Amino acid sequence: MHASFWHQKWAQKEIGFHQSAVHPLLAAHWPRLRLEFGLAEGSRVLVPLCGKTLDIHWLLAQGHRVVGAELSEQAVIELFAELGLTPAIRPQGALRLYSAAGLDVFVGDFFALTPEAMGTVGPVDAVYDRAALVALPEAMRRDYAAQLLALSAQAPQLLICFEYEQSLLAGPPFAVHEAELRQLYGATLNLELLQRTEVPGGLKGRVPAADVAWRLGRR
C-alpha cells in the first residue's frame with residue numbers, strides 16, 4: 001500500500017476503519033493479559049499504525065503509557081485534540097514525535113522507525129495490534145512483523161485479525177489466518193487463540209468474516 005492511499009483516506013475522511021467505541025476484544029481480554037504479561041502501572045504499550053483509535057484512550061485510562069506509530073499526521077493531530085492534550089513536537093530521525101502526558105506517537109513511515117528512536121521514549125512492555133497487520137497486503141506483512149519484533153524487543157502482544165475468504169473482497173482490511181500468523185511469529189512467540197467472533201452482517205456488509213483475538217507470548 002502506498003502512503004498516498006492512507007493520506008487520501010484521512011484527507012477525505014474515508015475512515016470507516018476508525019471505530020466509534022473501544023474494541024470489545026481489547027476490553028474483554030486485556031485484564032487477563034495484563035496480569036499474564038506482568039504489566040505494572042505505567043507499563044508501555046506499543047500501538048502500531050494507530051490512527052486516532054479510541055483504544056488508546058482506554059489504554060491510558062488503565063494506567064498504561066502508550067507509544068503509537070502512525071503515517072497520517074492529521075490522524076495524530078486529531079488524536080491529541082480528542083484527548084484534550086497539547087503535544088510537544090520534535091524531529092526524531094526521519095519521523096516526528098508527538099508527546100504529552102503518557103502518550104508518544106511517531107509520525108511517518110513505520111518502516112523508517114528505528115529501535116534507537118524507540119529507545120528515546122523507553123522500552124516497550126507489550127504490543128496491541130488491532131488495525132496494523134490487517135491493513136497491509138500479504139507482500140508487506142513479513143517485513144512488518146520483523147520490524148515490529150525489532151521495535152518491541154519481541155514483547156508479548158494482543159493481536160486482532162480478520163478471517164474471511166480473501167478472493168471475495170479486496171482489502172484493506174485483509175484476511176490474516178492462523179497459518180500465516182505462525183509463519184510470521186511462531187519462531188519467536190507462542191500463539192494462543194483467545195476468541196473468534198463472527199462479524200455481524202459480514203465484513204463491510206458483504207462477506208462472512210470473523211474477528212479473531214490472539215495472545216502472542218514470549219517463549
# chains A, B, ... in the order shown; residues from 1 in each chain; ligands from 1

$ closest_atom_pairs --of "stretch 114-218 of chain A" --to "stretch 83-106 of chain A" --cutoff "12 Å" --atoms "only C-alpha atoms" --output "CSV"
residue,atom,partner,partner_atom,distance
A:Thr114,CA,A:Gly93,CA,8.6
A:Pro115,CA,A:Gly93,CA,11.3
A:Glu116,CA,A:Gly93,CA,9.6
A:Ala117,CA,A:Gln92,CA,6.7
A:Met118,CA,A:Phe106,CA,8.9
A:Gly119,CA,A:Gln92,CA,11.1
A:Thr120,CA,A:Gln92,CA,9.1
A:Val121,CA,A:Asp104,CA,7.3
A:Gly122,CA,A:Asp104,CA,10.2
A:Val124,CA,A:Asp104,CA,11.8

$ residues_around --residues "A:Leu184" --least-positions-apart "3" --cutoff "9 Å" --atoms "only C-alpha atoms" --output "mmCIF file with all heavy atoms, in the first residue's frame"
data_model
loop_
_atom_site.group_PDB
_atom_site.id
_atom_site.type_symbol
_atom_site.label_atom_id
_atom_site.label_comp_id
_atom_site.auth_asym_id
_atom_site.auth_seq_id
_atom_site.Cartn_x
_atom_site.Cartn_y
_atom_site.Cartn_z
ATOM 1 N N ARG A 141 3.546 -8.008 4.823
ATOM 2 C CA ARG A 141 3.331 -8.424 6.208
ATOM 3 C C ARG A 141 4.549 -9.074 6.851
ATOM 4 O O ARG A 141 4.768 -8.935 8.059
ATOM 5 C CB ARG A 141 2.104 -9.336 6.293
ATOM 6 C CG ARG A 141 0.816 -8.579 5.981
ATOM 7 C CD ARG A 141 -0.429 -9.283 6.452
ATOM 8 N NE ARG A 141 -0.803 -10.441 5.680
ATOM 9 C CZ ARG A 141 -1.736 -10.466 4.730
ATOM 10 N NH1 ARG A 141 -2.366 -9.338 4.378
ATOM 11 N NH2 ARG A 141 -2.040 -11.595 4.118
ATOM 12 N N ARG A 142 5.374 -9.774 6.086
ATOM 13 C CA ARG A 142 6.572 -10.369 6.674
ATOM 14 C C ARG A 142 7.536 -9.278 7.150
ATOM 15 O O ARG A 142 8.078 -9.356 8.264
ATOM 16 C CB ARG A 142 7.258 -11.301 5.684
ATOM 17 C CG ARG A 142 8.480 -12.023 6.282
ATOM 18 C CD ARG A 142 9.036 -13.066 5.329
ATOM 19 N NE ARG A 142 8.083 -14.134 5.081
ATOM 20 C CZ ARG A 142 7.920 -15.173 5.892
ATOM 21 N NH1 ARG A 142 8.620 -15.281 7.010
ATOM 22 N NH2 ARG A 142 7.043 -16.110 5.595
ATOM 23 N N ALA A 145 6.088 -7.651 10.327
ATOM 24 C CA ALA A 145 6.247 -8.459 11.534
ATOM 25 C C ALA A 145 7.678 -8.392 12.043
ATOM 26 O O ALA A 145 7.912 -8.270 13.255
ATOM 27 C CB ALA A 145 5.838 -9.901 11.259
ATOM 28 N N ALA A 146 8.645 -8.454 11.134
ATOM 29 C CA ALA A 146 10.047 -8.370 11.537
ATOM 30 C C ALA A 146 10.354 -7.012 12.165
ATOM 31 O O ALA A 146 11.069 -6.919 13.174
ATOM 32 C CB ALA A 146 10.953 -8.623 10.331
ATOM 33 N N ALA A 179 -2.357 -19.940 9.851
ATOM 34 C CA ALA A 179 -1.143 -20.477 9.236
ATOM 35 C C ALA A 179 -0.137 -19.368 8.950
ATOM 36 O O ALA A 179 1.070 -19.526 9.186
ATOM 37 C CB ALA A 179 -1.488 -21.220 7.949
ATOM 38 N N GLU A 180 -0.621 -18.226 8.488
ATOM 39 C CA GLU A 180 0.286 -17.113 8.211
ATOM 40 C C GLU A 180 0.840 -16.525 9.507
ATOM 41 O O GLU A 180 2.035 -16.185 9.584
ATOM 42 C CB GLU A 180 -0.416 -16.025 7.408
ATOM 43 C CG GLU A 180 0.521 -14.866 7.058
ATOM 44 C CD GLU A 180 -0.120 -13.780 6.228
ATOM 45 O OE1 GLU A 180 -1.322 -13.905 5.889
ATOM 46 O OE2 GLU A 180 0.579 -12.793 5.923
ATOM 47 N N LEU A 181 0.004 -16.405 10.515
ATOM 48 C CA LEU A 181 0.486 -15.879 11.794
ATOM 49 C C LEU A 181 1.618 -16.732 12.347
ATOM 50 O O LEU A 181 2.597 -16.210 12.887
ATOM 51 C CB LEU A 181 -0.655 -15.811 12.809
ATOM 52 C CG LEU A 181 -1.739 -14.762 12.561
ATOM 53 C CD1 LEU A 181 -2.805 -14.864 13.640
ATOM 54 C CD2 LEU A 181 -1.138 -13.364 12.520
ATOM 55 N N ALA A 187 8.193 -18.579 15.262
ATOM 56 C CA ALA A 187 9.565 -18.891 15.646
ATOM 57 C C ALA A 187 10.001 -18.110 16.876
ATOM 58 O O ALA A 187 10.979 -18.477 17.538
ATOM 59 C CB ALA A 187 10.515 -18.604 14.481
ATOM 60 N N THR A 188 9.273 -17.050 17.193
ATOM 61 C CA THR A 188 9.672 -16.142 18.267
ATOM 62 C C THR A 188 8.708 -16.139 19.440
ATOM 63 O O THR A 188 9.110 -16.069 20.602
ATOM 64 C CB THR A 188 9.792 -14.704 17.714
ATOM 65 O OG1 THR A 188 10.666 -14.711 16.584
ATOM 66 C CG2 THR A 188 10.331 -13.758 18.770
#

$ select_by_dssp --residues "stretch 21-172 of chain A" --states "alpha helix (DSSP H)" --output "ChimeraX atom specification"
/A:24-37,54-61,73-83,115-119,138-152

$ closest_residue --among "A:Arg182, A:Arg32, A:Lys52, A:Arg206" --to "A:Ile77" --atoms "only C-alpha atoms"
A:Lys52

$ residues_around --residues "A:Cys50" --least-positions-apart "3" --cutoff "9 Å" --atoms "only C-alpha atoms" --output "number ranges by chain"
A: 47, 53, 55-56, 68-71, 75-76, 105, 129-132

$ select_by_dssp --residues "stretch 14-140 of chain A" --states "strand (DSSP E or B)" --output "VMD selection string"
chain A and resid 44 to 48 65 to 70 88 to 92 95 to 100 103 to 107 126 to 129

$ atom_distance --atom1 "atom CA of A:Gly171" --atom2 "atom CA of A:Ala135"
7.6 Å

$ closest_residue --among "A:Gln147, A:Asp125, A:Leu33, A:Ala139" --to "A:Pro48" --atoms "only C-alpha atoms"
A:Gln147

$ closest_residue --among "A:Pro123, A:Gly201, A:Pro31, A:Pro173" --to "A:Ala153" --atoms "only C-alpha atoms"
A:Pro123

$ closest_residue --among "A:Phe37, A:Val66, A:Ser152, A:Arg44" --to "A:Leu113" --atoms "only C-alpha atoms"
A:Ser152

$ atom_distance --atom1 "atom CA of A:Ala28" --atom2 "atom CA of A:Gln157"
14.6 Å

$ decode --residues "stretch 70-82 of chain A" --atoms "all heavy atoms" --output "PDB file, in the first residue's frame"
ATOM      1  N   GLU A  70       2.157   6.170  13.467  1.00  0.00           N
ATOM      2  CA  GLU A  70       1.081   6.463  12.530  1.00  0.00           C
ATOM      3  C   GLU A  70       1.614   7.277  11.348  1.00  0.00           C
ATOM      4  O   GLU A  70       2.382   8.220  11.532  1.00  0.00           O
ATOM      5  CB  GLU A  70      -0.039   7.234  13.232  1.00  0.00           C
ATOM      6  CG  GLU A  70      -1.107   7.824  12.344  1.00  0.00           C
ATOM      7  CD  GLU A  70      -1.776   6.789  11.442  1.00  0.00           C
ATOM      8  OE1 GLU A  70      -2.038   5.654  11.913  1.00  0.00           O
ATOM      9  OE2 GLU A  70      -2.033   7.116  10.268  1.00  0.00           O
ATOM     10  N   LEU A  71       1.208   6.897  10.152  1.00  0.00           N
ATOM     11  CA  LEU A  71       1.646   7.586   8.946  1.00  0.00           C
ATOM     12  C   LEU A  71       1.024   8.965   8.817  1.00  0.00           C
ATOM     13  O   LEU A  71       1.689   9.934   8.435  1.00  0.00           O
ATOM     14  CB  LEU A  71       1.278   6.731   7.724  1.00  0.00           C
ATOM     15  CG  LEU A  71       1.605   7.316   6.359  1.00  0.00           C
ATOM     16  CD1 LEU A  71       3.122   7.435   6.171  1.00  0.00           C
ATOM     17  CD2 LEU A  71       1.001   6.455   5.253  1.00  0.00           C
ATOM     18  N   SER A  72      -0.265   9.077   9.148  1.00  0.00           N
ATOM     19  CA  SER A  72      -1.009  10.317   8.918  1.00  0.00           C
ATOM     20  C   SER A  72      -0.850  11.309  10.058  1.00  0.00           C
ATOM     21  O   SER A  72      -1.293  11.046  11.186  1.00  0.00           O
ATOM     22  CB  SER A  72      -2.494  10.003   8.718  1.00  0.00           C
ATOM     23  OG  SER A  72      -3.260  11.190   8.737  1.00  0.00           O
ATOM     24  N   GLU A  73      -0.260  12.444   9.775  1.00  0.00           N
ATOM     25  CA  GLU A  73      -0.139  13.477  10.804  1.00  0.00           C
ATOM     26  C   GLU A  73      -1.508  14.024  11.184  1.00  0.00           C
ATOM     27  O   GLU A  73      -1.743  14.381  12.346  1.00  0.00           O
ATOM     28  CB  GLU A  73       0.776  14.594  10.330  1.00  0.00           C
ATOM     29  CG  GLU A  73       1.170  15.564  11.430  1.00  0.00           C
ATOM     30  CD  GLU A  73       2.427  16.342  11.103  1.00  0.00           C
ATOM     31  OE1 GLU A  73       2.723  16.528   9.903  1.00  0.00           O
ATOM     32  OE2 GLU A  73       3.132  16.753  12.047  1.00  0.00           O
ATOM     33  N   GLN A  74      -2.433  14.079  10.213  1.00  0.00           N
ATOM     34  CA  GLN A  74      -3.786  14.546  10.516  1.00  0.00           C
ATOM     35  C   GLN A  74      -4.434  13.674  11.574  1.00  0.00           C
ATOM     36  O   GLN A  74      -5.071  14.167  12.506  1.00  0.00           O
ATOM     37  CB  GLN A  74      -4.645  14.546   9.249  1.00  0.00           C
ATOM     38  CG  GLN A  74      -6.061  15.038   9.456  1.00  0.00           C
ATOM     39  CD  GLN A  74      -6.110  16.473   9.973  1.00  0.00           C
ATOM     40  OE1 GLN A  74      -5.325  17.317   9.553  1.00  0.00           O
ATOM     41  NE2 GLN A  74      -7.013  16.742  10.900  1.00  0.00           N
ATOM     42  N   ALA A  75      -4.263  12.353  11.461  1.00  0.00           N
ATOM     43  CA  ALA A  75      -4.829  11.439  12.453  1.00  0.00           C
ATOM     44  C   ALA A  75      -4.258  11.714  13.837  1.00  0.00           C
ATOM     45  O   ALA A  75      -4.986  11.700  14.842  1.00  0.00           O
ATOM     46  CB  ALA A  75      -4.554   9.992  12.047  1.00  0.00           C
ATOM     47  N   VAL A  76      -2.968  11.976  13.910  1.00  0.00           N
ATOM     48  CA  VAL A  76      -2.317  12.195  15.201  1.00  0.00           C
ATOM     49  C   VAL A  76      -2.750  13.524  15.807  1.00  0.00           C
ATOM     50  O   VAL A  76      -2.993  13.630  17.016  1.00  0.00           O
ATOM     51  CB  VAL A  76      -0.786  12.118  15.037  1.00  0.00           C
ATOM     52  CG1 VAL A  76      -0.078  12.445  16.343  1.00  0.00           C
ATOM     53  CG2 VAL A  76      -0.387  10.726  14.548  1.00  0.00           C
ATOM     54  N   ILE A  77      -2.864  14.546  14.977  1.00  0.00           N
ATOM     55  CA  ILE A  77      -3.360  15.835  15.466  1.00  0.00           C
ATOM     56  C   ILE A  77      -4.753  15.662  16.079  1.00  0.00           C
ATOM     57  O   ILE A  77      -5.051  16.182  17.167  1.00  0.00           O
ATOM     58  CB  ILE A  77      -3.385  16.869  14.317  1.00  0.00           C
ATOM     59  CG1 ILE A  77      -1.955  17.240  13.917  1.00  0.00           C
ATOM     60  CG2 ILE A  77      -4.179  18.108  14.715  1.00  0.00           C
ATOM     61  CD1 ILE A  77      -1.858  18.056  12.641  1.00  0.00           C
ATOM     62  N   GLU A  78      -5.610  14.904  15.395  1.00  0.00           N
ATOM     63  CA  GLU A  78      -6.963  14.693  15.895  1.00  0.00           C
ATOM     64  C   GLU A  78      -6.955  13.836  17.167  1.00  0.00           C
ATOM     65  O   GLU A  78      -7.763  14.069  18.081  1.00  0.00           O
ATOM     66  CB  GLU A  78      -7.819  14.039  14.812  1.00  0.00           C
ATOM     67  CG  GLU A  78      -8.082  14.954  13.619  1.00  0.00           C
ATOM     68  CD  GLU A  78      -8.927  14.311  12.537  1.00  0.00           C
ATOM     69  OE1 GLU A  78      -9.594  13.291  12.822  1.00  0.00           O
ATOM     70  OE2 GLU A  78      -8.927  14.835  11.398  1.00  0.00           O
ATOM     71  N   LEU A  79      -6.067  12.863  17.238  1.00  0.00           N
ATOM     72  CA  LEU A  79      -5.963  12.038  18.440  1.00  0.00           C
ATOM     73  C   LEU A  79      -5.672  12.887  19.669  1.00  0.00           C
ATOM     74  O   LEU A  79      -6.360  12.786  20.696  1.00  0.00           O
ATOM     75  CB  LEU A  79      -4.871  10.987  18.249  1.00  0.00           C
ATOM     76  CG  LEU A  79      -4.473  10.187  19.500  1.00  0.00           C
ATOM     77  CD1 LEU A  79      -5.631   9.327  19.985  1.00  0.00           C
ATOM     78  CD2 LEU A  79      -3.244   9.328  19.221  1.00  0.00           C
ATOM     79  N   PHE A  80      -4.651  13.729  19.592  1.00  0.00           N
ATOM     80  CA  PHE A  80      -4.282  14.545  20.747  1.00  0.00           C
ATOM     81  C   PHE A  80      -5.389  15.543  21.079  1.00  0.00           C
ATOM     82  O   PHE A  80      -5.688  15.783  22.261  1.00  0.00           O
ATOM     83  CB  PHE A  80      -2.951  15.252  20.493  1.00  0.00           C
ATOM     84  CG  PHE A  80      -1.756  14.388  20.751  1.00  0.00           C
ATOM     85  CD1 PHE A  80      -1.257  13.547  19.771  1.00  0.00           C
ATOM     86  CD2 PHE A  80      -1.121  14.389  21.984  1.00  0.00           C
ATOM     87  CE1 PHE A  80      -0.157  12.733  20.006  1.00  0.00           C
ATOM     88  CE2 PHE A  80      -0.028  13.579  22.239  1.00  0.00           C
ATOM     89  CZ  PHE A  80       0.460  12.748  21.238  1.00  0.00           C
ATOM     90  N   ALA A  81      -6.028  16.123  20.055  1.00  0.00           N
ATOM     91  CA  ALA A  81      -7.111  17.066  20.294  1.00  0.00           C
ATOM     92  C   ALA A  81      -8.273  16.389  21.014  1.00  0.00           C
ATOM     93  O   ALA A  81      -8.858  16.954  21.952  1.00  0.00           O
ATOM     94  CB  ALA A  81      -7.575  17.678  18.974  1.00  0.00           C
ATOM     95  N   GLU A  82      -8.618  15.162  20.584  1.00  0.00           N
ATOM     96  CA  GLU A  82      -9.738  14.461  21.200  1.00  0.00           C
ATOM     97  C   GLU A  82      -9.418  14.017  22.627  1.00  0.00           C
ATOM     98  O   GLU A  82     -10.331  13.821  23.432  1.00  0.00           O
ATOM     99  CB  GLU A  82     -10.144  13.281  20.319  1.00  0.00           C
ATOM    100  CG  GLU A  82     -10.798  13.753  19.015  1.00  0.00           C
ATOM    101  CD  GLU A  82     -10.993  12.650  17.993  1.00  0.00           C
ATOM    102  OE1 GLU A  82     -10.782  11.459  18.337  1.00  0.00           O
ATOM    103  OE2 GLU A  82     -11.354  12.974  16.840  1.00  0.00           O
TER     104      GLU A  82
END
